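> Sending over data.tsv (TSV, C-alpha atoms).
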chain	number	residue	atom	x	y	z
E	36	MET	CA	0.00	0.00	0.00
E	37	SER	CA	2.69	2.46	1.01
E	38	ARG	CA	4.50	1.79	-2.25
E	39	LEU	CA	1.34	2.76	-4.13
E	40	LEU	CA	1.04	6.11	-2.35
E	41	PRO	CA	3.32	8.10	-4.67
E	42	PHE	CA	1.45	6.72	-7.65
E	43	ILE	CA	-1.89	7.66	-6.12
E	44	GLY	CA	-0.51	11.12	-5.36
E	45	PHE	CA	0.65	11.44	-8.94
E	46	MET	CA	-2.75	10.37	-10.27
E	47	LEU	CA	-4.49	12.92	-8.04
E	48	LEU	CA	-2.21	15.69	-9.32
E	49	ALA	CA	-2.73	14.57	-12.92
E	50	ALA	CA	-6.49	14.58	-12.36
E	51	LEU	CA	-6.26	18.10	-10.90
E	52	PHE	CA	-4.27	19.37	-13.89
E	53	GLY	CA	-6.63	17.61	-16.29
E	54	PHE	CA	-9.56	19.30	-14.59
E	55	GLY	CA	-7.80	22.66	-14.93
E	56	ILE	CA	-7.31	22.16	-18.65
E	57	TRP	CA	-10.93	21.09	-19.09
E	58	TRP	CA	-12.15	24.06	-17.04
E	59	ASN	CA	-10.18	26.50	-19.21
E	60	THR	CA	-11.67	25.08	-22.40
E	61	GLN	CA	-15.14	25.65	-20.95
E	62	HIS	CA	-14.51	29.12	-19.59
E	63	ASP	CA	-12.81	32.23	-20.84
E	64	PRO	CA	-10.04	32.67	-18.26
E	65	ASN	CA	-9.85	36.38	-19.04
E	66	ALA	CA	-13.54	37.11	-18.51
E	67	ILE	CA	-14.17	39.03	-15.32
E	68	PRO	CA	-17.53	38.27	-13.71
E	69	THR	CA	-19.42	41.54	-13.69
E	70	PRO	CA	-20.71	42.73	-10.32
E	71	LEU	CA	-23.47	44.57	-12.22
E	72	LEU	CA	-25.46	41.44	-13.06
E	73	ASP	CA	-29.11	41.75	-11.92
E	74	LYS	CA	-28.44	45.33	-10.90
E	75	PRO	CA	-29.82	48.45	-12.57
E	76	ALA	CA	-27.73	49.51	-15.55
E	77	PRO	CA	-25.79	52.72	-14.87
E	78	ALA	CA	-27.38	55.95	-16.01
E	79	PHE	CA	-26.00	57.24	-19.28
E	80	ASN	CA	-26.59	60.04	-21.70
E	81	LEU	CA	-24.72	59.56	-24.94
E	82	PRO	CA	-24.96	61.09	-28.41
E	83	LYS	CA	-26.28	59.12	-31.35
E	84	LEU	CA	-23.56	58.16	-33.80
E	85	TYR	CA	-25.50	59.40	-36.82
E	86	GLU	CA	-27.09	62.45	-35.17
E	87	PRO	CA	-24.48	63.65	-32.68
E	88	THR	CA	-26.65	66.57	-31.59
E	89	GLN	CA	-29.26	64.18	-30.19
E	90	THR	CA	-28.53	62.17	-27.08
E	91	VAL	CA	-30.00	58.94	-25.78
E	92	SER	CA	-30.38	58.33	-22.07
E	93	LYS	CA	-31.13	55.22	-20.08
E	94	ALA	CA	-34.67	56.50	-19.47
E	95	ASP	CA	-35.27	56.78	-23.23
E	96	LEU	CA	-34.68	53.05	-23.66
E	97	LEU	CA	-36.83	51.82	-20.73
E	98	GLY	CA	-40.00	49.88	-21.48
E	99	LYS	CA	-38.56	47.32	-23.89
E	100	PRO	CA	-35.64	44.95	-23.37
E	101	TYR	CA	-32.59	45.54	-25.55
E	102	LEU	CA	-29.18	44.10	-26.25
E	103	LEU	CA	-26.45	46.68	-25.77
E	104	ASN	CA	-23.52	45.60	-27.92
E	105	VAL	CA	-20.17	47.30	-27.34
E	106	PHE	CA	-18.21	47.50	-30.59
E	107	ALA	CA	-15.52	49.55	-32.29
E	108	SER	CA	-13.93	49.76	-35.70
E	109	TRP	CA	-10.49	49.06	-34.19
E	110	CYS	CA	-11.69	45.87	-32.54
E	111	ILE	CA	-10.68	42.81	-34.52
E	112	GLU	CA	-12.97	40.38	-32.76
E	113	CYS	CA	-15.95	42.64	-33.46
E	114	GLY	CA	-15.44	41.67	-37.09
E	115	VAL	CA	-15.74	38.03	-36.02
E	116	GLU	CA	-18.89	38.75	-34.06
E	117	HIS	CA	-20.48	40.98	-36.67
E	118	PRO	CA	-21.81	38.31	-39.09
E	119	VAL	CA	-23.35	36.50	-36.11
E	120	LEU	CA	-25.19	39.66	-35.07
E	121	GLN	CA	-26.30	40.23	-38.67
E	122	ALA	CA	-27.66	36.70	-38.96
E	123	GLU	CA	-29.08	36.23	-35.46
E	124	GLY	CA	-30.07	39.81	-34.65
E	125	PRO	CA	-33.49	39.74	-36.34
E	126	THR	CA	-34.36	36.41	-34.67
E	127	LEU	CA	-33.57	37.54	-31.13
E	128	GLY	CA	-36.79	39.46	-30.58
E	129	VAL	CA	-35.07	42.32	-28.78
E	130	GLN	CA	-33.78	45.60	-30.11
E	131	LEU	CA	-30.07	45.76	-30.85
E	132	VAL	CA	-28.40	48.92	-29.60
E	133	GLY	CA	-24.84	49.50	-30.77
E	134	TYR	CA	-22.44	51.05	-28.27
E	135	ASN	CA	-19.54	52.53	-30.20
E	136	TYR	CA	-16.63	52.45	-27.77
E	137	LYS	CA	-13.60	54.76	-27.93
E	138	ASP	CA	-13.87	55.20	-31.65
E	139	ALA	CA	-13.67	58.11	-34.06
E	140	PRO	CA	-17.22	58.64	-35.39
E	141	ALA	CA	-15.96	58.69	-38.99
E	142	ASP	CA	-14.20	55.33	-38.50
E	143	ALA	CA	-17.28	53.81	-36.89
E	144	LYS	CA	-19.55	55.00	-39.70
E	145	ARG	CA	-17.15	53.68	-42.32
E	146	TRP	CA	-16.95	50.32	-40.53
E	147	LEU	CA	-20.75	50.03	-40.35
E	148	ALA	CA	-21.15	51.12	-43.97
E	149	GLU	CA	-18.69	48.45	-45.01
E	150	HIS	CA	-20.04	45.57	-42.93
E	151	GLY	CA	-23.69	46.58	-42.63
E	152	SER	CA	-25.41	47.61	-39.42
E	153	PRO	CA	-27.33	45.12	-37.31
E	154	TYR	CA	-28.32	47.91	-34.91
E	155	ALA	CA	-31.64	49.73	-34.57
E	156	LEU	CA	-29.74	52.52	-32.87
E	157	VAL	CA	-26.07	53.34	-32.35
E	158	ILE	CA	-24.82	55.46	-29.48
E	159	ALA	CA	-21.27	56.75	-29.31
E	160	ASP	CA	-18.94	56.90	-26.33
E	161	GLU	CA	-15.78	58.34	-27.80
E	162	PRO	CA	-14.06	59.25	-24.51
E	163	GLY	CA	-15.02	55.89	-22.96
E	164	GLN	CA	-16.10	57.49	-19.69
E	165	THR	CA	-19.59	55.99	-19.49
E	166	ALA	CA	-18.14	52.59	-20.37
E	167	ILE	CA	-16.28	52.59	-17.05
E	168	ASP	CA	-19.66	52.72	-15.29
E	169	PHE	CA	-20.70	49.66	-17.27
E	170	GLY	CA	-17.49	47.86	-16.30
E	171	VAL	CA	-16.49	47.65	-19.95
E	172	TYR	CA	-12.79	46.94	-20.46
E	173	GLY	CA	-12.66	46.03	-24.10
E	174	ALA	CA	-14.75	45.16	-27.07
E	175	PRO	CA	-16.85	43.29	-27.91
E	176	GLU	CA	-19.05	43.04	-24.84
E	177	SER	CA	-22.81	42.57	-24.76
E	178	PHE	CA	-25.38	43.46	-22.11
E	179	LEU	CA	-28.96	42.25	-22.09
E	180	ILE	CA	-30.99	44.96	-20.35
E	181	ASP	CA	-34.63	44.37	-19.47
E	182	ALA	CA	-37.61	46.71	-19.72
E	183	GLN	CA	-36.94	48.02	-16.20
E	184	GLY	CA	-33.36	48.86	-17.09
E	185	VAL	CA	-31.78	45.98	-15.15
E	186	ILE	CA	-28.75	44.15	-16.58
E	187	ARG	CA	-29.84	40.53	-16.90
E	188	TYR	CA	-27.00	38.97	-18.84
E	189	LYS	CA	-23.52	39.93	-19.91
E	190	HIS	CA	-21.16	38.34	-22.36
E	191	ILE	CA	-17.50	39.32	-22.69
E	192	GLY	CA	-15.90	38.65	-26.05
E	193	PRO	CA	-17.56	37.91	-29.36
E	194	LEU	CA	-21.04	36.41	-29.45
E	195	THR	CA	-20.73	33.12	-31.32
E	196	PRO	CA	-23.65	31.05	-32.64
E	197	GLU	CA	-23.09	28.69	-29.66
E	198	VAL	CA	-23.22	31.50	-27.10
E	199	VAL	CA	-26.33	32.94	-28.77
E	200	ALA	CA	-28.09	29.57	-28.74
E	201	LYS	CA	-26.97	28.38	-25.30
E	202	GLU	CA	-26.90	31.60	-23.28
E	203	LEU	CA	-28.36	34.68	-24.95
E	204	LYS	CA	-31.58	33.17	-26.31
E	205	PRO	CA	-32.47	31.40	-23.04
E	206	ALA	CA	-31.84	34.68	-21.19
E	207	ILE	CA	-34.18	36.51	-23.56
E	208	ALA	CA	-36.77	33.73	-23.23
E	209	ALA	CA	-36.61	34.11	-19.45
E	210	LEU	CA	-37.34	37.83	-19.83
E	211	ARG	CA	-40.33	37.09	-22.00
E	212	LYS	CA	-41.75	34.66	-19.44
E	213	GLU	CA	-41.71	37.37	-16.78
E	214	THR	CA	-43.49	40.02	-18.81
E	215	PRO	CA	-45.99	38.46	-21.18
N	260	MET	CA	8.88	44.73	-26.00
N	261	ARG	CA	6.19	43.75	-23.58
N	262	LEU	CA	4.70	47.19	-23.66
N	263	SER	CA	4.67	47.37	-27.41
N	264	SER	CA	2.81	44.10	-27.76
N	265	CYS	CA	0.36	45.23	-25.14
N	266	GLY	CA	-0.20	48.73	-26.37
N	267	SER	CA	-0.30	48.73	-30.13
N	268	GLY	CA	-3.06	46.20	-30.67
N	269	PHE	CA	-6.48	46.83	-29.29
N	270	SER	CA	-8.11	43.47	-29.70
N	271	ARG	CA	-8.70	41.37	-26.64
N	272	ASP	CA	-6.66	38.35	-27.65
N	273	ALA	CA	-3.72	40.04	-29.29
N	274	PHE	CA	-3.33	42.34	-26.35
N	275	CYS	CA	-1.11	40.97	-23.69
N	276	ARG	CA	1.06	38.34	-25.26
N	277	SER	CA	4.47	39.25	-24.03
N	278	THR	CA	6.99	38.54	-26.73
N	279	GLN	CA	10.62	38.23	-25.92
N	280	GLY	CA	11.78	39.66	-29.17
N	281	ALA	CA	15.19	40.60	-27.89
N	282	SER	CA	16.09	37.10	-26.75
N	283	ARG	CA	15.02	35.57	-30.04
N	284	LEU	CA	17.55	37.55	-32.08
N	285	LYS	CA	20.11	35.31	-33.68
N	286	PRO	CA	23.67	36.17	-32.72
N	287	LEU	CA	25.10	38.35	-35.43
N	288	PRO	CA	28.66	37.90	-36.66
N	289	GLN	CA	29.38	41.61	-36.39
N	290	GLY	CA	29.29	42.76	-32.78
N	291	PHE	CA	28.81	46.34	-33.95
N	292	LEU	CA	25.53	45.58	-35.71
N	293	LEU	CA	24.18	43.80	-32.69
N	294	ARG	CA	25.13	46.67	-30.44
N	295	LEU	CA	23.49	49.17	-32.78
N	296	LEU	CA	20.33	47.06	-32.87
N	297	LEU	CA	20.22	46.87	-29.09
N	298	VAL	CA	20.66	50.63	-28.78
N	299	ILE	CA	17.75	51.21	-31.16
N	300	LEU	CA	15.68	48.61	-29.34
N	301	PHE	CA	16.25	50.14	-25.94
N	302	ALA	CA	15.69	53.66	-27.19
N	303	PHE	CA	12.37	52.50	-28.61
N	304	ALA	CA	11.42	50.69	-25.42
N	305	GLY	CA	12.17	53.88	-23.51
N	306	THR	CA	9.75	55.96	-25.55
N	307	LEU	CA	7.08	53.31	-25.20
N	308	HIS	CA	7.50	53.30	-21.47
N	309	ALA	CA	7.23	57.06	-21.40
N	310	GLN	CA	3.96	56.78	-23.31
N	311	ALA	CA	2.59	54.22	-20.89
N	312	ILE	CA	2.81	56.52	-17.92
N	313	GLU	CA	2.00	59.98	-19.12
N	314	PRO	CA	2.80	62.84	-16.75
N	315	MET	CA	-0.11	64.05	-14.68
N	316	PRO	CA	-0.47	67.44	-13.03
N	317	PHE	CA	-0.22	66.30	-9.42
N	318	ALA	CA	-0.87	68.87	-6.71
N	319	ASN	CA	2.23	67.78	-4.79
N	320	HIS	CA	4.77	65.00	-4.48
N	321	ALA	CA	2.84	63.21	-1.72
N	322	GLN	CA	-0.16	62.92	-4.01
N	323	GLU	CA	2.02	61.55	-6.77
N	324	LEU	CA	3.42	58.90	-4.42
N	325	ARG	CA	-0.10	58.01	-3.30
N	326	PHE	CA	-1.17	57.69	-6.92
N	327	GLN	CA	1.80	55.45	-7.73
N	328	HIS	CA	1.12	53.27	-4.70
N	329	LEU	CA	-2.59	52.93	-5.49
N	330	THR	CA	-2.16	52.15	-9.17
N	331	HIS	CA	0.41	49.50	-8.31
N	332	GLU	CA	-2.15	47.79	-6.08
N	333	LEU	CA	-4.79	47.63	-8.80
N	334	ARG	CA	-4.93	45.19	-11.65
N	335	CYS	CA	-5.66	46.19	-15.23
N	336	PRO	CA	-8.86	44.36	-16.24
N	337	MET	CA	-7.59	43.98	-19.81
N	338	CYS	CA	-3.95	42.98	-19.36
N	339	GLN	CA	-4.59	40.86	-16.34
N	340	ASN	CA	-0.97	40.25	-15.46
N	341	GLU	CA	-0.21	43.95	-15.29
N	342	THR	CA	-1.00	46.63	-12.76
N	343	LEU	CA	-2.88	49.76	-13.71
N	344	ALA	CA	0.40	51.62	-13.25
N	345	ASP	CA	2.30	49.46	-15.75
N	346	SER	CA	-0.30	48.70	-18.37
N	347	ASN	CA	-0.49	50.55	-21.63
N	348	ALA	CA	-3.97	49.23	-22.43
N	349	PRO	CA	-6.46	51.99	-23.28
N	350	ILE	CA	-8.71	50.97	-20.41
N	351	ALA	CA	-5.78	51.22	-17.98
N	352	ARG	CA	-5.11	54.75	-19.21
N	353	ASP	CA	-8.79	55.65	-18.74
N	354	LEU	CA	-8.84	54.18	-15.25
N	355	ARG	CA	-5.63	55.99	-14.29
N	356	ASN	CA	-7.22	59.25	-15.42
N	357	GLN	CA	-10.35	58.38	-13.45
N	358	ILE	CA	-8.31	57.65	-10.31
N	359	PHE	CA	-6.44	60.92	-10.77
N	360	LYS	CA	-9.73	62.78	-11.13
N	361	MET	CA	-11.17	61.16	-8.01
N	362	MET	CA	-8.03	62.08	-6.07
N	363	GLN	CA	-8.48	65.71	-7.06
N	364	GLN	CA	-12.05	65.44	-5.77
N	365	GLY	CA	-10.63	64.40	-2.40
N	366	LYS	CA	-11.73	60.75	-2.52
N	367	SER	CA	-9.90	58.35	-0.22
N	368	ASP	CA	-8.04	55.25	-1.43
N	369	ASP	CA	-10.84	53.04	-0.10
N	370	GLU	CA	-13.48	55.03	-1.93
N	371	ILE	CA	-11.52	54.75	-5.16
N	372	LYS	CA	-11.08	51.01	-4.69
N	373	GLN	CA	-14.77	50.60	-3.96
N	374	TYR	CA	-15.60	52.56	-7.10
N	375	LEU	CA	-13.53	50.16	-9.18
N	376	VAL	CA	-14.73	47.01	-7.41
N	377	ALA	CA	-18.35	48.05	-8.02
N	378	ARG	CA	-17.62	48.09	-11.75
N	379	TYR	CA	-14.90	45.50	-12.30
N	380	SER	CA	-15.37	43.22	-9.27
N	381	LYS	CA	-12.74	42.25	-6.69
N	382	PHE	CA	-10.68	41.00	-9.60
N	383	VAL	CA	-8.96	44.39	-9.83
N	384	LEU	CA	-7.56	44.20	-6.30
N	385	TYR	CA	-4.04	42.82	-6.14
N	386	ASP	CA	-4.34	42.87	-2.36
N	387	PRO	CA	-7.73	41.22	-1.81
N	388	PRO	CA	-9.44	41.83	1.54
N	389	LEU	CA	-9.93	38.88	3.88
N	390	THR	CA	-13.55	37.80	3.42
N	391	ARG	CA	-15.44	34.52	3.47
N	392	GLY	CA	-14.81	34.20	-0.26
N	393	THR	CA	-11.05	34.73	-0.01
N	394	TRP	CA	-10.03	32.82	3.13
N	395	LEU	CA	-8.90	29.86	1.05
N	396	LEU	CA	-6.80	32.22	-1.04
N	397	TRP	CA	-5.19	33.64	2.08
N	398	PHE	CA	-4.75	30.47	4.13
N	399	GLY	CA	-4.65	27.80	1.41
N	400	PRO	CA	-0.84	27.92	1.15
N	401	LEU	CA	-0.57	27.62	4.94
N	402	LEU	CA	-2.89	24.58	4.89
N	403	ILE	CA	-0.77	22.95	2.19
N	404	LEU	CA	2.36	23.71	4.21
N	405	LEU	CA	0.82	22.16	7.34
N	406	GLY	CA	-0.30	19.14	5.31
N	407	GLY	CA	3.23	18.72	3.97
N	408	ALA	CA	4.69	19.07	7.44
N	409	GLY	CA	2.30	16.36	8.67
N	410	VAL	CA	3.38	14.00	5.90
N	411	VAL	CA	7.05	14.62	6.68
N	412	LEU	CA	6.42	14.07	10.40
N	413	VAL	CA	4.67	10.75	9.78
N	414	ALA	CA	7.48	9.62	7.48
N	415	ILE	CA	10.16	10.55	10.01
N	416	ARG	CA	8.35	8.76	12.82
N	417	LYS	CA	7.93	5.66	10.70
N	418	ARG	CA	11.59	5.61	9.80
N	419	GLY	CA	12.55	6.30	13.39
N	420	ARG	CA	10.64	3.23	14.49
N	421	MET	CA	12.32	1.08	11.83
N	422	PRO	CA	15.54	0.08	13.59
N	423	ALA	CA	13.68	-0.63	16.86
N	424	ASN	CA	11.46	-3.39	15.49
N	425	GLY	CA	13.52	-3.91	12.37
N	426	SER	CA	15.35	-7.02	13.56
N	427	SER	CA	13.79	-8.89	10.66
N	428	GLY	CA	16.63	-8.67	8.17
N	429	PRO	CA	15.63	-7.64	4.66
N	430	ARG	CA	12.83	-5.21	5.47
N	431	PRO	CA	14.75	-1.95	5.94
N	432	SER	CA	16.53	-2.33	2.63
N	433	ILE	CA	13.23	-2.65	0.79
N	434	ASP	CA	11.71	0.29	2.57
N	435	ASN	CA	14.81	2.38	2.27
N	436	GLY	CA	13.56	5.80	1.14
N	437	ASP	CA	10.97	4.15	-1.04
N	438	ASP	CA	7.97	5.74	0.56
N	439	TRP	CA	8.47	9.39	-0.17
Show me, as structure tokens, the structure contained in the file I just sent.


Amino acid sequence: MSRLLPFIGFMLLAALFGFGIWWNTQHDPNAIPTPLLDKPAPAFNLPKLYEPTQTVSKADLLGKPYLLNVFASWCIECGVEHPVLQAEGPTLGVQLVGYNYKDAPADAKRWLAEHGSPYALVIADEPGQTAIDFGVYGAPESFLIDAQGVIRYKHIGPLTPEVVAKELKPAIAALRKETP
Amino acid sequence: MRLSSCGSGFSRDAFCRSTQGASRLKPLPQGFLLRLLLVILFAFAGTLHAQAIEPMPFANHAQELRFQHLTHELRCPMCQNETLADSNAPIARDLRNQIFKMMQQGKSDDEIKQYLVARYSKFVLYDPPLTRGTWLLWFGPLLILLGGAGVVLVAIRKRGRMPANGSSGPRPSIDNGDDW
């Protein structure tokens, strides 16, 4: 028995490392859990990308759930996410609001003209100040905000078809069940 | 080199890969060329470093020291192996400016930390407070140390007993250091 102990110890360590590898394939090790989940979204008042003289506030968007999608023309992974938003956006059943993050308006407009816009509305946060209140630290990030203005789901990194099917759509379905 | 790889790209994945460009250089036959290359490299690294920590109009030297201390205790949410003080990520720059602004408003270190934790979770604290959720983090190493000490103690005792009842000839040679 005592001769087996080192082997058992080795197997336990190997199992632990194996679990670590498996865990990292299932989770994004860089994603920070947001403390804002199930809390009211921060107040904001940001200009529209296409009509910079008009601003949109949190109060303006209350009443209907929406998906706030943080994107930027400089963000490479937003290009990966974009076709998914284009394809899945109309099937989600919630309004898509684009949140242009730390971007020159001209660059953002060019990017959207080139790739097409999946958004019903695009707001622009060029200085990135409001984004700090949302706990945004990069792009893309997506927030599902319900009719009462509460953040119900957040995804860090690009939305993939798998994430949309396994996480986003169930979260939207749960919203619909609450408010028929 | 680390700063350049972390600061030039904006995308989440390409952000923080630290490349050791200097060490990968093949040894050149001409020592002069190598020396010239190194000079250029270091000069470049110097400017990048200067960009990373832009000068701020501190009220006094004490405030500057406080700022340096605080930003070294906070983790950049984007480049997660860097402090806010070291990181050249755009979000780190924004958060440094925010911390500076809050200092000018007379906010205490704790208030500033709370502000960041409310948005980016405890993840940003390099010196996490002792709570129910972090006791394992704080005392886990001590537990492992105690466990190891226990194992060593048991092994020593066992070996100590060996010669006493070890009159049966071949046993000690089999067990000699085999256990651990």

> Given the choices N:Ala344, N:Ala321, N:Ala351, N:Leu295, which gets closest to chain E if the distance is worked out from only C-alpha atoms?

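Distance minimum relative to chain E lands on N:Ala351.
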
> Which residue gives the smallest distance to chain E among N:Ala377, N:Leu329, N:Met315, N:Ile299, with all atoms listed in the file counted?

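Going through N:Ala377, N:Leu329, N:Met315, N:Ile299 one by one, the smallest distance to chain E is for N:Ala377.
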
> Could you tell me which of N:Leu297, N:Leu324, N:Val383, N:Ile350 comes closest to chain E if we count only C-alpha atoms?

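Residue with the minimum atom-to-atom distance to chain E: N:Ile350.
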
> Using all atoms listed in the file, find the residues of chain E whose closest atom to chain N is at most 10 Å away, then write them as an MDAnalysis selection string.

chainID E and resid 36:41 65:71 77 107 109:113 137 162:164 166:175 191:193

> Take the residues that were just selected and, keeping C-alpha atoms, output them as a compact mmCIF listing (two decimals), keeping the file's coordinate frame.


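Result saved to out.txt:
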# COMPACT_ATOMS: atom_id res chain seq x y z
CA MET E 36 0.00 0.00 0.00
CA SER E 37 2.69 2.46 1.01
CA ARG E 38 4.50 1.79 -2.25
CA LEU E 39 1.34 2.76 -4.13
CA LEU E 40 1.04 6.11 -2.35
CA PRO E 41 3.32 8.10 -4.67
CA ASN E 65 -9.85 36.38 -19.04
CA ALA E 66 -13.54 37.11 -18.51
CA ILE E 67 -14.17 39.03 -15.32
CA PRO E 68 -17.53 38.27 -13.71
CA THR E 69 -19.42 41.54 -13.69
CA PRO E 70 -20.71 42.73 -10.32
CA LEU E 71 -23.47 44.57 -12.22
CA PRO E 77 -25.79 52.72 -14.87
CA ALA E 107 -15.52 49.55 -32.29
CA TRP E 109 -10.49 49.06 -34.19
CA CYS E 110 -11.69 45.87 -32.54
CA ILE E 111 -10.68 42.81 -34.52
CA GLU E 112 -12.97 40.38 -32.76
CA CYS E 113 -15.95 42.64 -33.46
CA LYS E 137 -13.60 54.76 -27.93
CA PRO E 162 -14.06 59.25 -24.51
CA GLY E 163 -15.02 55.89 -22.96
CA GLN E 164 -16.10 57.49 -19.69
CA ALA E 166 -18.14 52.59 -20.37
CA ILE E 167 -16.28 52.59 -17.05
CA ASP E 168 -19.66 52.72 -15.29
CA PHE E 169 -20.70 49.66 -17.27
CA GLY E 170 -17.49 47.86 -16.30
CA VAL E 171 -16.49 47.65 -19.95
CA TYR E 172 -12.79 46.94 -20.46
CA GLY E 173 -12.66 46.03 -24.10
CA ALA E 174 -14.75 45.16 -27.07
CA PRO E 175 -16.85 43.29 -27.91
CA ILE E 191 -17.50 39.32 -22.69
CA GLY E 192 -15.90 38.65 -26.05
CA PRO E 193 -17.56 37.91 -29.36

> Find the distance between atom CA of N:Ile403 and atom CA of E:Phe42 and write it in Å to one decimal.

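Between atom CA of N:Ile403 and atom CA of E:Phe42 the gap works out to 19.1 Å.
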
> With all atoms listed in the file as the basis for distance, which of E:Gly44, E:Gly114, E:Gly128, E:Pro75 is at the shortest distance from E:Leu210?

E:Gly128

> Skipping near chain neighbours, those fewer than 5 positions away, what residues fall within 10 Å of E:Gly151 using only C-alpha atoms, listed as a PyMOL selection string?

chain E and resi 117-118+121+144-146

> Which protein, DNA or RNA residues are at most 12 Å from (-10.2, 57.5, -8.6) in the file's coordinates when you count all atoms listed in the file, listed as an MDAnalysis selection string?

(chainID E and resid 167) or (chainID N and resid 325:326 329:330 333 343 353:376)

> What's around E:Ala76 at 8 Å? Count only C-alpha atoms, leave out sequence neighbours fewer than 2 positions away in its own chain, and write the answer as a VMD selection string.

chain E and resid 71 74 78 169 180 184 to 186

> What does the distance from atom CA of E:Gln183 to atom CA of E:Ala94 come to in Å, to one decimal?

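So the answer is 9.4 Å.
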
> Do you have the atom CA of E:Glu116-atom CA of E:His62 distance handy?

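Result for atom CA of E:Glu116 versus atom CA of E:His62: 17.9 Å, one decimal.
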